[in-house]
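What's in upload.pdb: PDB, C-alpha atoms
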ATOM      1  CA  SER B  11     -19.152 -68.311 -30.724
ATOM      2  CA  ARG B  12     -18.890 -70.786 -33.595
ATOM      3  CA  PRO B  13     -16.014 -70.176 -36.038
ATOM      4  CA  HIS B  14     -16.900 -69.171 -39.580
ATOM      5  CA  PRO B  15     -16.450 -71.948 -42.165
ATOM      6  CA  ARG B  16     -13.359 -71.677 -44.302
ATOM      7  CA  PRO B  17     -14.149 -70.593 -47.896
ATOM      8  CA  VAL B  18     -13.671 -73.301 -50.542
ATOM      9  CA  PRO B  19     -13.211 -72.152 -54.195
ATOM     10  CA  LEU B  20     -15.526 -73.792 -56.729
ATOM     11  CA  ALA B  21     -13.847 -74.914 -59.960
ATOM     12  CA  LEU B  22     -15.429 -73.646 -63.178
ATOM     13  CA  HIS B  23     -13.822 -76.158 -65.557
ATOM     14  CA  ALA B  24     -13.687 -73.336 -68.110
ATOM     15  CA  THR B  25     -11.301 -73.205 -71.058
ATOM     16  CA  ALA B  26     -10.164 -69.707 -70.085
ATOM     17  CA  PRO B  27     -10.516 -67.460 -67.032
ATOM     18  CA  HIS B  28     -13.481 -65.111 -67.089
ATOM     19  CA  THR B  29     -15.381 -62.735 -64.847
ATOM     20  CA  LEU B  30     -18.358 -63.811 -62.749
ATOM     21  CA  TRP B  31     -20.890 -60.987 -62.531
ATOM     22  CA  ARG B  32     -23.631 -62.319 -60.281
ATOM     23  CA  VAL B  33     -24.286 -65.206 -57.892
ATOM     24  CA  ARG B  34     -27.639 -66.368 -56.542
ATOM     25  CA  TRP B  35     -28.789 -69.210 -54.273
ATOM     26  CA  SER B  36     -31.927 -71.205 -54.984
ATOM     27  CA  ARG B  37     -34.625 -70.765 -52.358
ATOM     28  CA  ASP B  38     -34.019 -74.209 -50.848
ATOM     29  CA  GLY B  39     -30.266 -73.590 -50.696
ATOM     30  CA  THR B  40     -29.317 -76.636 -52.758
ATOM     31  CA  ARG B  41     -28.173 -74.780 -55.886
ATOM     32  CA  LEU B  42     -25.852 -71.860 -56.544
ATOM     33  CA  ALA B  43     -25.880 -70.060 -59.909
ATOM     34  CA  ALA B  44     -23.256 -67.691 -61.305
ATOM     35  CA  GLY B  45     -23.565 -65.521 -64.426
ATOM     36  CA  SER B  46     -20.342 -65.028 -66.354
ATOM     37  CA  ALA B  47     -18.751 -62.768 -68.953
ATOM     38  CA  ASN B  48     -18.356 -65.553 -71.509
ATOM     39  CA  GLY B  49     -22.088 -66.090 -72.037
ATOM     40  CA  ASN B  50     -22.557 -69.061 -69.713
ATOM     41  CA  VAL B  51     -24.422 -69.616 -66.471
ATOM     42  CA  HIS B  52     -22.763 -72.051 -64.069
ATOM     43  CA  VAL B  53     -24.916 -73.983 -61.586
ATOM     44  CA  TRP B  54     -23.614 -76.049 -58.675
ATOM     45  CA  SER B  55     -26.009 -78.568 -57.096
ATOM     46  CA  GLY B  56     -25.843 -80.628 -53.919
ATOM     47  CA  ASP B  57     -25.190 -80.165 -50.237
ATOM     48  CA  PRO B  58     -23.457 -76.780 -49.755
ATOM     49  CA  ARG B  59     -21.870 -78.173 -46.587
ATOM     50  CA  ARG B  60     -19.861 -80.505 -48.854
ATOM     51  CA  PRO B  61     -18.657 -78.035 -51.526
ATOM     52  CA  ARG B  62     -16.078 -80.406 -53.023
ATOM     53  CA  ASP B  63     -18.846 -82.892 -53.857
ATOM     54  CA  LEU B  64     -21.108 -80.407 -55.635
ATOM     55  CA  GLU B  65     -22.167 -81.244 -59.189
ATOM     56  CA  GLN B  66     -21.573 -78.502 -61.754
ATOM     57  CA  ARG B  67     -23.703 -77.840 -64.820
ATOM     58  CA  THR B  68     -23.180 -75.149 -67.475
ATOM     59  CA  LEU B  69     -26.232 -73.517 -69.039
ATOM     60  CA  PRO B  70     -25.303 -71.910 -72.384
ATOM     61  CA  HIS B  71     -26.467 -68.366 -73.042
ATOM     62  CA  THR B  72     -25.496 -66.038 -75.900
ATOM     63  CA  PRO B  73     -21.769 -66.625 -76.649
ATOM     64  CA  SER B  74     -19.395 -63.913 -75.363
ATOM     65  CA  VAL B  75     -22.288 -61.885 -73.937
ATOM     66  CA  HIS B  76     -22.217 -60.970 -70.247
ATOM     67  CA  VAL B  77     -24.915 -62.576 -68.079
ATOM     68  CA  ARG B  78     -25.792 -60.289 -65.167
ATOM     69  CA  GLY B  79     -29.427 -61.225 -64.556
ATOM     70  CA  LEU B  80     -30.156 -64.257 -62.341
ATOM     71  CA  ALA B  81     -33.229 -65.135 -60.273
ATOM     72  CA  PHE B  82     -34.451 -68.445 -58.849
ATOM     73  CA  GLY B  83     -38.217 -68.880 -58.632
ATOM     74  CA  ARG B  84     -40.172 -70.628 -55.901
ATOM     75  CA  ASP B  85     -40.456 -73.712 -58.114
ATOM     76  CA  GLY B  86     -36.661 -73.886 -58.535
ATOM     77  CA  ARG B  87     -36.546 -72.648 -62.115
ATOM     78  CA  LEU B  88     -33.806 -70.141 -62.965
ATOM     79  CA  ALA B  89     -34.513 -66.947 -64.929
ATOM     80  CA  THR B  90     -31.521 -65.371 -66.679
ATOM     81  CA  GLY B  91     -30.864 -62.239 -68.723
ATOM     82  CA  ASP B  92     -27.848 -60.982 -70.676
ATOM     83  CA  GLU B  93     -26.470 -57.748 -72.096
ATOM     84  CA  ALA B  94     -28.134 -58.443 -75.447
ATOM     85  CA  GLY B  95     -31.519 -58.277 -73.711
ATOM     86  CA  HIS B  96     -32.268 -61.975 -74.185
ATOM     87  CA  LEU B  97     -34.349 -63.612 -71.444
ATOM     88  CA  ARG B  98     -34.296 -67.323 -70.658
ATOM     89  CA  LEU B  99     -35.874 -69.700 -68.157
ATOM     90  CA  PHE B 100     -34.021 -72.931 -67.295
ATOM     91  CA  ASP B 101     -34.696 -76.070 -65.300
ATOM     92  CA  PRO B 102     -31.351 -76.185 -63.465
ATOM     93  CA  ALA B 103     -31.869 -79.831 -62.456
ATOM     94  CA  THR B 104     -31.688 -80.979 -66.082
ATOM     95  CA  GLY B 105     -30.202 -77.943 -67.838
ATOM     96  CA  ALA B 106     -33.243 -77.844 -70.133
ATOM     97  CA  LEU B 107     -34.305 -74.506 -71.614
ATOM     98  CA  ASP B 108     -37.949 -74.008 -70.604
ATOM     99  CA  ARG B 109     -38.682 -70.584 -72.097
ATOM    100  CA  GLN B 110     -36.798 -68.009 -74.176
ATOM    101  CA  LEU B 111     -37.689 -64.496 -75.226
ATOM    102  CA  VAL B 112     -35.754 -62.311 -77.645
ATOM    103  CA  PRO B 113     -37.684 -59.005 -77.520
ATOM    104  CA  GLU B 114     -38.605 -57.519 -80.894
ATOM    105  CA  THR B 115     -37.682 -54.092 -79.520
ATOM    106  CA  ARG B 116     -34.385 -53.934 -77.645
ATOM    107  CA  ILE B 117     -34.918 -53.485 -73.915
ATOM    108  CA  GLY B 118     -31.270 -52.708 -73.120
ATOM    109  CA  ALA B 119     -28.630 -54.799 -71.415
ATOM    110  CA  VAL B 120     -30.056 -56.750 -68.483
ATOM    111  CA  LEU B 121     -28.423 -55.807 -65.160
ATOM    112  CA  ALA B 122     -30.794 -57.265 -62.548
ATOM    113  CA  MET B 123     -33.717 -59.688 -62.166
ATOM    114  CA  THR B 124     -36.090 -60.842 -59.434
ATOM    115  CA  TRP B 125     -39.336 -62.840 -59.328
ATOM    116  CA  VAL B 126     -42.501 -60.960 -58.372
ATOM    117  CA  SER B 127     -46.173 -61.851 -57.956
ATOM    118  CA  GLY B 128     -48.149 -63.513 -60.739
ATOM    119  CA  GLY B 129     -45.282 -65.747 -61.840
ATOM    120  CA  ARG B 130     -43.528 -62.774 -63.435
ATOM    121  CA  VAL B 131     -39.887 -61.705 -63.484
ATOM    122  CA  ALA B 132     -38.897 -58.070 -62.994
ATOM    123  CA  VAL B 133     -35.998 -57.131 -65.287
ATOM    124  CA  GLY B 134     -33.810 -54.025 -64.832
ATOM    125  CA  THR B 135     -31.825 -52.697 -67.807
ATOM    126  CA  THR B 136     -29.331 -50.085 -68.971
ATOM    127  CA  SER B 137     -32.075 -48.204 -70.794
ATOM    128  CA  GLY B 138     -33.586 -47.111 -67.475
ATOM    129  CA  ARG B 139     -36.444 -49.570 -67.823
ATOM    130  CA  VAL B 140     -38.007 -52.114 -65.505
ATOM    131  CA  VAL B 141     -40.029 -54.624 -67.484
ATOM    132  CA  LEU B 142     -42.183 -57.450 -66.139
ATOM    133  CA  TRP B 143     -41.630 -60.663 -68.098
ATOM    134  CA  ASN B 144     -44.362 -63.296 -67.968
ATOM    135  CA  PRO B 145     -42.584 -66.492 -69.096
ATOM    136  CA  THR B 146     -45.860 -68.413 -69.506
ATOM    137  CA  ALA B 147     -47.591 -65.835 -71.705
ATOM    138  CA  GLN B 148     -44.266 -64.608 -73.169
ATOM    139  CA  THR B 149     -45.250 -60.983 -72.638
ATOM    140  CA  LEU B 150     -43.369 -57.881 -71.478
ATOM    141  CA  GLU B 151     -44.959 -55.057 -69.511
ATOM    142  CA  ASP B 152     -43.162 -51.786 -68.775
ATOM    143  CA  LEU B 153     -43.273 -50.241 -65.331
ATOM    144  CA  VAL B 154     -43.383 -46.448 -65.424
ATOM    145  CA  MET B 155     -40.083 -45.091 -64.067
ATOM    146  CA  PRO B 156     -39.036 -41.459 -63.523
ATOM    147  CA  THR B 157     -37.608 -40.001 -66.738
ATOM    148  CA  THR B 158     -34.276 -39.311 -65.017
ATOM    149  CA  VAL B 159     -33.578 -43.028 -64.362
ATOM    150  CA  ARG B 160     -30.708 -44.217 -66.577
ATOM    151  CA  ASP B 161     -29.502 -47.645 -65.378
ATOM    152  CA  VAL B 162     -31.454 -50.081 -63.194
ATOM    153  CA  ARG B 163     -28.734 -52.142 -61.524
ATOM    154  CA  ALA B 164     -30.495 -53.672 -58.505
ATOM    155  CA  LEU B 165     -33.902 -55.236 -57.869
ATOM    156  CA  ALA B 166     -35.376 -56.861 -54.763
ATOM    157  CA  THR B 167     -38.913 -57.960 -53.954
ATOM    158  CA  SER B 168     -41.071 -58.167 -50.845
ATOM    159  CA  ALA B 169     -42.172 -61.527 -49.416
ATOM    160  CA  ASP B 170     -45.576 -61.349 -51.132
ATOM    161  CA  GLY B 171     -44.000 -60.271 -54.426
ATOM    162  CA  ASP B 172     -46.243 -57.211 -54.678
ATOM    163  CA  LYS B 173     -43.602 -54.585 -53.919
ATOM    164  CA  LEU B 174     -40.309 -53.920 -55.637
ATOM    165  CA  LEU B 175     -37.123 -52.160 -54.585
ATOM    166  CA  VAL B 176     -35.306 -50.551 -57.529
ATOM    167  CA  GLY B 177     -31.681 -49.359 -57.343
ATOM    168  CA  PHE B 178     -30.761 -46.933 -60.117
ATOM    169  CA  THR B 179     -28.425 -44.282 -61.462
ATOM    170  CA  SER B 180     -29.831 -41.110 -62.982
ATOM    171  CA  ASP B 181     -29.077 -38.593 -65.688
ATOM    172  CA  HIS B 182     -27.987 -36.175 -62.963
ATOM    173  CA  GLU B 183     -24.996 -38.354 -62.000
ATOM    174  CA  THR B 184     -26.719 -39.375 -58.796
ATOM    175  CA  ALA B 185     -28.221 -42.681 -57.701
ATOM    176  CA  GLY B 186     -30.994 -43.834 -55.439
ATOM    177  CA  LEU B 187     -33.686 -46.312 -54.502
ATOM    178  CA  LEU B 188     -37.331 -46.468 -55.494
ATOM    179  CA  HIS B 189     -40.102 -48.358 -53.738
ATOM    180  CA  VAL B 190     -42.640 -49.567 -56.335
ATOM    181  CA  ASP B 191     -46.132 -50.874 -55.562
ATOM    182  CA  LEU B 192     -46.844 -53.334 -58.375
ATOM    183  CA  ALA B 193     -50.582 -53.357 -57.673
ATOM    184  CA  THR B 194     -50.940 -49.621 -58.304
ATOM    185  CA  GLY B 195     -47.790 -48.871 -60.307
ATOM    186  CA  THR B 196     -46.900 -45.999 -57.965
ATOM    187  CA  HIS B 197     -43.347 -45.380 -56.807
ATOM    188  CA  ALA B 198     -41.619 -43.327 -54.129
ATOM    189  CA  GLN B 199     -38.023 -42.400 -53.373
ATOM    190  CA  VAL B 200     -36.441 -44.326 -50.482
ATOM    191  CA  GLY B 201     -34.095 -42.163 -48.408
ATOM    192  CA  PRO B 202     -31.813 -39.425 -49.740
ATOM    193  CA  PRO B 203     -30.032 -39.686 -53.124
ATOM    194  CA  HIS B 204     -26.845 -41.757 -53.268
ATOM    195  CA  GLU B 205     -23.648 -40.143 -54.488
ATOM    196  CA  THR B 206     -22.483 -43.365 -56.172
ATOM    197  CA  ALA B 207     -24.161 -46.150 -58.143
ATOM    198  CA  VAL B 208     -26.321 -48.693 -56.308
ATOM    199  CA  TRP B 209     -25.029 -52.068 -57.499
ATOM    200  CA  ASP B 210     -27.129 -54.432 -55.432
ATOM    201  CA  ALA B 211     -29.994 -54.472 -52.959
ATOM    202  CA  ASP B 212     -31.836 -56.980 -50.820
ATOM    203  CA  TRP B 213     -34.961 -56.993 -48.707
ATOM    204  CA  ASN B 214     -34.980 -58.557 -45.226
ATOM    205  CA  ASN B 215     -38.673 -59.437 -45.165
ATOM    206  CA  ALA B 216     -38.492 -60.970 -41.686
ATOM    207  CA  ARG B 217     -37.403 -57.669 -40.089
ATOM    208  CA  GLY B 218     -38.548 -55.100 -42.633
ATOM    209  CA  LEU B 219     -34.989 -53.972 -43.409
ATOM    210  CA  LEU B 220     -33.340 -52.969 -46.681
ATOM    211  CA  ALA B 221     -29.667 -53.496 -47.539
ATOM    212  CA  THR B 222     -27.839 -51.821 -50.431
ATOM    213  CA  ALA B 223     -24.340 -51.909 -51.877
ATOM    214  CA  ASP B 224     -22.748 -49.071 -53.833
ATOM    215  CA  ASN B 225     -19.289 -47.947 -54.914
TER     216      ASN B 225
END

Let me see the structure of the file written as structure tokens.
Amino acid sequence: SRPHPRPVPLALHATAPHTLWRVRWSRDGTRLAAGSANGNVHVWSGDPRRPRDLEQRTLPHTPSVHVRGLAFGRDGRLATGDEAGHLRLFDPATGALDRQLVPETRIGAVLAMTWVSGGRVAVGTTSGRVVLWNPTAQTLEDLVMPTTVRDVRALATSADGDKLLVGFTSDHETAGLLHVDLATGTHAQVGPPHETAVWDADWNNARGLLATADN
């Protein structure tokens, strides 16, 4: 078998050490984004097989506000969300801010994001909400969640973007997964309740498998 490549740390060129909360690859694999605790999003571009030659760009967010929401779209644009509930859409190739939405009503701290059908971004928050952000129309639409859902910490979408996997914690100190049909708005519990928080989830569309991570 082929040996695994040796990990190579990527320099942040930051003025002070800080926590990285989330990392996401672009769909073509040429960019890697990381959301940080100092309010910035770091993007590395280039050939991932030559990590020392990657170009780094910093996309400013809200200063000193944690950025936990990251999602690359099919067109390469990067959607981001922070703990203040601010949503942004960047062109990572130039660093230009394409769209920005500061909701009039606080939606909670953003914990997870993923693109879904219709050019929308699903956003999971600490207020137990999943909202669908349309960056073009600059609208927000709430998905109906069970009243016991407290934090939405993980989101993953099916290949067609019409179905959503939601990882959550509840008011009953339990956690779990919901399968949401975006066309009908219906949802169903996936498997038994988790005893600990679901922090991340992903959907293997090629094999119809789900993967989750909890503590």

Exercise: Thr167 of chain B partners within 10 Å, all atoms listed in the file, chain neighbours under 6 positions left out, as a PDB file with C-alpha atoms, in the coordinates of the input:
ATOM      1  CA  MET B 123     -33.717 -59.688 -62.166  1.00  0.00           C
ATOM      2  CA  THR B 124     -36.090 -60.842 -59.434  1.00  0.00           C
ATOM      3  CA  TRP B 125     -39.336 -62.840 -59.328  1.00  0.00           C
ATOM      4  CA  VAL B 126     -42.501 -60.960 -58.372  1.00  0.00           C
ATOM      5  CA  SER B 127     -46.173 -61.851 -57.956  1.00  0.00           C
ATOM      6  CA  ALA B 132     -38.897 -58.070 -62.994  1.00  0.00           C
ATOM      7  CA  LYS B 173     -43.602 -54.585 -53.919  1.00  0.00           C
ATOM      8  CA  LEU B 174     -40.309 -53.920 -55.637  1.00  0.00           C
ATOM      9  CA  LEU B 175     -37.123 -52.160 -54.585  1.00  0.00           C
ATOM     10  CA  VAL B 176     -35.306 -50.551 -57.529  1.00  0.00           C
ATOM     11  CA  HIS B 189     -40.102 -48.358 -53.738  1.00  0.00           C
ATOM     12  CA  VAL B 190     -42.640 -49.567 -56.335  1.00  0.00           C
ATOM     13  CA  ALA B 211     -29.994 -54.472 -52.959  1.00  0.00           C
ATOM     14  CA  ASP B 212     -31.836 -56.980 -50.820  1.00  0.00           C
ATOM     15  CA  TRP B 213     -34.961 -56.993 -48.707  1.00  0.00           C
ATOM     16  CA  ASN B 214     -34.980 -58.557 -45.226  1.00  0.00           C
ATOM     17  CA  ASN B 215     -38.673 -59.437 -45.165  1.00  0.00           C
TER      18      ASN B 215
END

Report task. Please provide as a list in words all residues within 8 Å of His76 of chain B, with the sequence filter that same-chain residues fewer than 4 positions apart are discarded (counting all atoms listed in the file). Result -> Trp31, Gly45, Ser46, Ala47, Asn48, Gly49, Asp92 and Glu93 of chain B

Report task. Measure the distance from atom CA of Val33 of chain B to atom CA of Thr196 of chain B in Å and round it to one decimal. Result ->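 About the pair atom CA of Val33 of chain B and atom CA of Thr196 of chain B: they are 29.7 Å apart.
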
Query raised in the report: What separation in Å, quoted to one decimal, exists between atom CA of Leu150 of chain B and atom CA of Gly105 of chain B?
Result: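 One can read the atom CA of Leu150 of chain B to atom CA of Gly105 of chain B distance as 24.3 Å.
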
Query raised in the report: When you draw a straight line from atom CA of Ala122 of chain B to atom CA of Gly186 of chain B, how long is it in Å?
Result: 15.2 Å

Report task. For segment 114-118 of chain B, list every protein, DNA or RNA residue within 8 Å, evaluated using only C-alpha atoms, and leave out those in the same chain fewer than 4 positions away; present the list as a ChimeraX atom specification. Result -> /B:93-95,135-137,139

Could you save those same residues with C-alpha atoms as a compact mmCIF listing (two decimals), keeping the file's coordinate frame?
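Saved result, selection-v1.txt, follows:
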# COMPACT_ATOMS: atom_id res chain seq x y z
CA GLU B 93 -26.47 -57.75 -72.10
CA ALA B 94 -28.13 -58.44 -75.45
CA GLY B 95 -31.52 -58.28 -73.71
CA THR B 135 -31.82 -52.70 -67.81
CA THR B 136 -29.33 -50.08 -68.97
CA SER B 137 -32.08 -48.20 -70.79
CA ARG B 139 -36.44 -49.57 -67.82

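The closest residue to Asp161 of chain B, picked from B:Val75, B:Leu187, B:Leu99, B:Val200 and counting only C-alpha atoms, is B:Leu187.
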
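Closest approach to Gly83 of chain B from the set B:Ser36, B:Gln110, B:Gln66, B:Thr149 is made by B:Ser36, with distances taken over all atoms listed in the file.
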
Requested in this report: For the file shown, report as JSON, numbers by chain the outcome of the PyMOL selection byres ((chain B and resi 108) around 10) at residue level.
Outcome: {"B": [87, 88, 89, 98, 99, 100, 101, 102, 105, 106, 107, 109, 110, 145, 146]}

**Report entry** Residues within 10 Å of Gly128 of chain B, only C-alpha atoms, excluding chain neighbours under 4 positions, as JSON, numbers by chain
**Finding:** {"B": [144, 171, 172]}

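Taking only C-alpha atoms into account, Ala166 of chain B lies nearest to B:Leu188 out of the set B:Leu111, B:Val77, B:Leu188, B:Val120.
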
Report task. Pick out the closest residue to Phe178 of chain B from this set: B:Ala223, B:Met155, B:Val133, B:Ala164. Count all atoms listed in the file. Result ->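 That would be B:Ala164, the residue with the smallest distance to Phe178 of chain B.
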
**Report entry** Pick from B:Arg62, B:His52, B:Arg78, B:Arg130 nearest to Gly91 of chain B, counting all atoms listed in the file
**Finding:**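 For Gly91 of chain B, the nearest of the given residues is B:Arg78.
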
Query - Closest of B:Ala216, B:Val140, B:Ala207, B:Leu153 to Ser168 of chain B - atom-to-atom distances counting all atoms listed in the file - result: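 Of the candidates, the smallest distance to Ser168 of chain B is held by B:Ala216.
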